[in-house]
$ cat my_file20.cif   # mmCIF, C-alpha atoms
data_protein
#
loop_
_atom_site.label_atom_id
_atom_site.label_comp_id
_atom_site.auth_asym_id
_atom_site.auth_seq_id
_atom_site.Cartn_x
_atom_site.Cartn_y
_atom_site.Cartn_z
CA VAL L 1 124.75 91.49 78.61
CA SER L 2 127.87 89.77 77.38
CA VAL L 3 128.10 87.33 74.50
CA ALA L 4 131.29 85.33 74.12
CA SER L 5 132.42 83.75 70.87
CA VAL L 6 135.34 84.51 68.63
CA TYR L 7 134.40 88.14 69.22
CA THR L 8 133.31 89.59 72.55
CA LEU L 9 130.35 91.94 72.56
CA SER L 10 129.38 93.83 75.65
CA ASN L 11 126.80 96.49 76.45
CA ASP L 12 126.22 97.37 80.10
CA ASN L 13 123.10 99.37 79.19
CA THR L 14 121.18 96.37 77.85
CA ALA L 15 118.73 94.84 80.31
CA PHE L 16 118.02 91.14 80.25
CA SER L 17 115.13 89.35 81.89
CA PHE L 18 113.58 85.91 81.66
CA LEU L 19 110.08 85.52 80.32
CA PRO L 20 107.39 85.53 83.02
CA PRO L 21 105.84 82.20 83.97
CA SER L 22 102.96 81.01 81.81
CA VAL L 23 100.29 78.43 82.63
CA SER L 24 98.86 76.09 79.98
CA GLN L 25 97.10 73.35 81.94
CA VAL L 26 95.86 72.69 85.50
CA THR L 27 94.35 69.54 87.01
CA SER L 28 91.13 69.69 89.06
CA VAL L 29 90.31 68.57 92.62
CA LEU L 30 87.20 68.14 94.75
CA THR L 31 85.90 71.19 96.63
CA SER L 32 87.56 69.76 99.75
CA GLY L 33 90.90 70.66 98.17
CA GLY L 34 93.97 68.60 97.30
CA LYS L 35 97.11 68.46 95.21
CA ILE L 36 96.94 70.08 91.77
CA SER L 37 99.45 69.88 88.93
CA ILE L 38 100.27 72.97 86.90
CA THR L 39 101.90 72.72 83.48
CA GLY L 40 103.50 75.69 81.76
CA ASN L 41 106.83 77.43 81.24
CA SER L 42 109.39 79.53 83.12
CA PHE L 43 108.64 78.00 86.55
CA TYR L 44 112.37 77.82 87.44
CA THR L 45 113.73 75.11 89.76
CA ASP L 46 113.54 76.49 93.31
CA PRO L 47 110.10 76.04 94.93
CA SER L 48 110.92 78.61 97.60
CA LEU L 49 110.81 81.30 94.87
CA ILE L 50 107.42 80.18 93.50
CA THR L 51 103.96 81.29 94.67
CA VAL L 52 100.67 80.04 93.23
CA SER L 53 97.16 81.46 93.46
CA VAL L 54 93.92 79.95 92.21
CA GLY L 55 91.18 82.55 92.20
CA SER L 56 91.49 84.10 95.67
CA LEU L 57 93.10 80.99 97.19
CA SER L 58 96.80 80.49 97.88
CA CYS L 59 98.34 77.13 97.03
CA ASN L 60 100.87 75.71 99.54
CA GLN L 61 103.54 73.01 99.63
CA ILE L 62 104.81 73.83 96.14
CA GLU L 63 106.99 71.14 94.54
CA VAL L 64 108.94 71.32 91.28
CA ILE L 65 108.28 68.04 89.46
CA THR L 66 109.89 68.87 86.11
CA PRO L 67 112.18 71.91 86.23
CA HIS L 68 110.66 74.96 84.53
CA THR L 69 107.52 73.18 83.22
CA LEU L 70 105.63 71.19 85.90
CA ILE L 71 104.84 72.06 89.51
CA THR L 72 102.38 70.74 92.09
CA CYS L 73 100.87 72.42 95.12
CA LEU L 74 98.26 71.81 97.80
CA LEU L 75 95.07 73.78 97.18
CA PRO L 76 92.76 74.40 100.16
CA SER L 77 89.01 73.82 100.01
CA GLY L 78 86.95 76.14 97.86
CA HIS L 79 84.45 76.29 95.04
CA GLY L 80 84.20 77.78 91.59
CA VAL L 81 84.66 77.27 87.88
CA GLY L 82 86.81 79.15 85.39
CA LEU L 83 89.22 80.49 88.01
CA ASN L 84 92.46 82.20 87.05
CA VAL L 85 95.70 80.49 88.02
CA GLY L 86 98.59 82.79 88.87
CA VAL L 87 102.18 81.62 89.13
CA SER L 88 104.84 83.98 90.39
CA VAL L 89 108.57 83.26 90.30
CA ASN L 90 110.69 85.57 92.44
CA GLY L 91 108.10 88.34 92.04
CA THR L 92 107.54 87.94 88.29
CA THR L 93 103.93 86.90 87.68
CA ASN L 94 101.94 85.69 84.71
CA THR L 95 99.42 88.44 84.04
CA THR L 96 96.98 86.85 81.63
CA SER L 97 93.46 85.78 82.61
CA ASN L 98 93.44 82.09 81.86
CA ASN L 99 90.26 80.71 83.51
CA LEU L 100 92.00 77.32 83.59
CA PHE L 101 90.90 75.92 86.95
CA SER L 102 87.55 74.51 88.02
CA PHE L 103 86.81 72.45 91.09
CA LEU L 104 85.33 69.07 90.19
CA PRO L 105 81.52 69.09 89.94
CA PRO L 106 79.41 67.46 92.65
CA THR L 107 78.68 63.74 92.50
CA LEU L 108 75.62 62.24 94.18
CA LEU L 109 76.07 58.93 96.01
CA ASN L 110 72.86 58.63 98.03
CA ALA L 111 69.70 60.46 99.08
CA THR L 112 67.51 59.17 101.88
CA SER L 113 63.83 58.62 101.08
CA VAL L 114 61.04 60.65 102.69
CA PRO L 115 57.27 60.04 102.92
CA THR L 116 55.00 61.56 100.26
CA THR L 117 54.16 64.28 102.81
CA GLY L 118 57.78 65.50 102.51
CA GLY L 119 60.48 65.66 105.12
CA LEU L 120 64.17 65.91 105.82
CA THR L 121 66.40 64.06 103.37
CA THR L 122 70.14 63.51 103.71
CA ILE L 123 72.22 63.68 100.56
CA THR L 124 75.75 62.26 100.40
CA GLY L 125 78.39 62.51 97.72
CA ASN L 126 81.48 64.54 96.91
CA SER L 127 82.44 68.09 95.98
CA PHE L 128 79.37 69.76 97.54
CA SER L 129 81.35 72.78 98.80
CA ASN L 130 81.26 73.79 102.43
CA ASP L 131 79.04 76.82 101.87
CA THR L 132 75.32 76.03 101.96
CA ALA L 133 74.62 79.25 100.05
CA GLN L 134 76.37 77.60 97.08
CA ILE L 135 74.17 74.47 97.21
CA THR L 136 70.90 74.39 95.25
CA VAL L 137 68.87 71.18 95.22
CA THR L 138 65.83 70.29 93.13
CA LEU L 139 63.93 67.04 93.47
CA GLY L 140 62.19 66.58 90.16
CA SER L 141 61.11 70.16 89.57
CA SER L 142 60.59 71.06 93.24
CA PRO L 143 63.20 72.81 95.36
CA CYS L 144 64.61 71.13 98.45
CA THR L 145 64.83 73.96 100.98
CA SER L 146 66.60 74.70 104.28
CA VAL L 147 69.94 73.21 103.27
CA ASN L 148 72.00 72.27 106.34
CA MET L 149 75.63 71.10 106.15
CA ILE L 150 76.28 67.80 107.94
CA THR L 151 79.84 67.11 106.76
CA PRO L 152 81.52 69.78 104.61
CA HIS L 153 81.86 68.71 100.98
CA THR L 154 80.27 65.26 101.46
CA ALA L 155 76.89 65.39 103.23
CA PHE L 156 74.01 67.81 103.77
CA SER L 157 70.32 67.69 104.52
CA CYS L 158 67.39 69.64 103.09
CA LEU L 159 63.65 69.75 103.45
CA ALA L 160 61.98 67.85 100.63
CA PRO L 161 58.48 69.02 99.63
CA ALA L 162 55.45 66.75 99.49
CA GLY L 163 55.21 64.75 96.30
CA ASN L 164 55.00 61.35 94.73
CA GLY L 165 57.13 59.14 92.55
CA SER L 166 60.79 58.24 92.69
#
$ encode --input "my_file20.cif" --output "C-alpha cells"
Amino acid sequence: VSVASVYTLSNDNTAFSFLPPSVSQVTSVLTSGGKISITGNSFYTDPSLITVSVGSLSCNQIEVITPHTLITCLLPSGHGVGLNVGVSVNGTTNTTSNNLFSFLPPTLLNATSVPTTGGLTTITGNSFSNDTAQITVTLGSSPCTSVNMITPHTAFSCLAPAGNGS
C-alpha cells in the first residue's frame, strides 16, 4: 500500500482489499421468473466479474445499471419465500444470510364452476409455480385434490369435492 502526499509512506507487507459485496434490497418476480433488480454496495462495474444466486438458482444476463450499487439479472422460474441472495464479485462473496427475496404470491383470475356433485375445475392466474407438489387448494374448507398442471405458473386443474354455495 502506498499513500502519496507531501510525504510518501510505503509498506509492502500491508494487504489491501475491497469490502465484499452487500445486498440491501431485491425486487420480486412471478414464479415463472424474470428480471430482478438488486441494490447494495461493492458490485463493481464489470458484469463479467459478477455472479448472482437466489436460493439455489443462478441469475443470468447480469447488467450493471448504476456502478457499484445497482445490478439486474434474469432469474429462472422457481418458488419460495425468504431466499438468500448472494452476489459475488471476482470470487469475493457476501456471506450474510439476508432472506431478501420472495417470489410474488399467487393471484387467482378464474375458477371454472362444477356441479354440486363435484368435478374437475380449472384455475387460472399467475405465480402458481410449476411444481404441483407446491400447490394446495381449498374450496371453502374442503380440499381440491388431484392437482394437475395445465400451463406452468398460470393454469392447473383439481378435483373439487361435492358441496353447495359459491
$ resolve_selection --input "my_file20.cif" --expression "the PyMOL selection byres ((chain L and resi 99) around 7)" --output "ChimeraX atom specification"
/L:82-84,97-98,100-101
$ residues_around --input "my_file20.cif" --residues "Leu104 in chain L" --least-positions-apart "3" --cutoff "9 Å" --atoms "all atoms listed in the file" --output "mmCIF file with C-alpha atoms, in the frame of the given file"
data_model
loop_
_atom_site.group_PDB
_atom_site.id
_atom_site.type_symbol
_atom_site.label_atom_id
_atom_site.label_comp_id
_atom_site.auth_asym_id
_atom_site.auth_seq_id
_atom_site.Cartn_x
_atom_site.Cartn_y
_atom_site.Cartn_z
ATOM 1 C CA SER L 28 91.130 69.690 89.060
ATOM 2 C CA VAL L 29 90.310 68.570 92.620
ATOM 3 C CA LEU L 30 87.200 68.140 94.750
ATOM 4 C CA THR L 31 85.900 71.190 96.630
ATOM 5 C CA HIS L 79 84.450 76.290 95.040
ATOM 6 C CA GLY L 80 84.200 77.780 91.590
ATOM 7 C CA VAL L 81 84.660 77.270 87.880
ATOM 8 C CA THR L 107 78.680 63.740 92.500
ATOM 9 C CA ASN L 126 81.480 64.540 96.910
ATOM 10 C CA SER L 127 82.440 68.090 95.980
#
$ resolve_selection --input "my_file20.cif" --expression "the PyMOL selection byres ((chain L and resi 119) around 9)" --output "number ranges by chain"
L: 113-118, 120-121, 158-162
$ resolve_selection --input "my_file20.cif" --expression "the PyMOL selection byres ((chain L and resi 53) around 10)" --output "NGL selection string"
:L and (51-52 or 54-60 or 73 or 75 or 83-88)
$ residues_around --input "my_file20.cif" --residues "range 43-50 of chain L" --least-positions-apart "4" --cutoff "12 Å" --atoms "only C-alpha atoms" --output "number ranges by chain"
L: 18-24, 38-39, 58-73, 86-94
$ axis_aligned_box --input "my_file20.cif" --around "range 147-151 of chain L" --padding-each-side "8 Å" --output "JSON"
{"center_x": 74.9, "center_y": 70.2, "center_z": 105.6, "size_x": 25.9, "size_y": 22.1, "size_z": 20.7}
$ atom_distance --input "my_file20.cif" --atom1 "CA of Phe103 in chain L" --atom2 "CA of Gly78 in chain L"
7.7 Å
$ closest_residue --input "my_file20.cif" --among "L:Asn164, L:Gln25, L:Thr124, L:Ser157" --to "Gly140 in chain L" --atoms "only C-alpha atoms"
L:Asn164
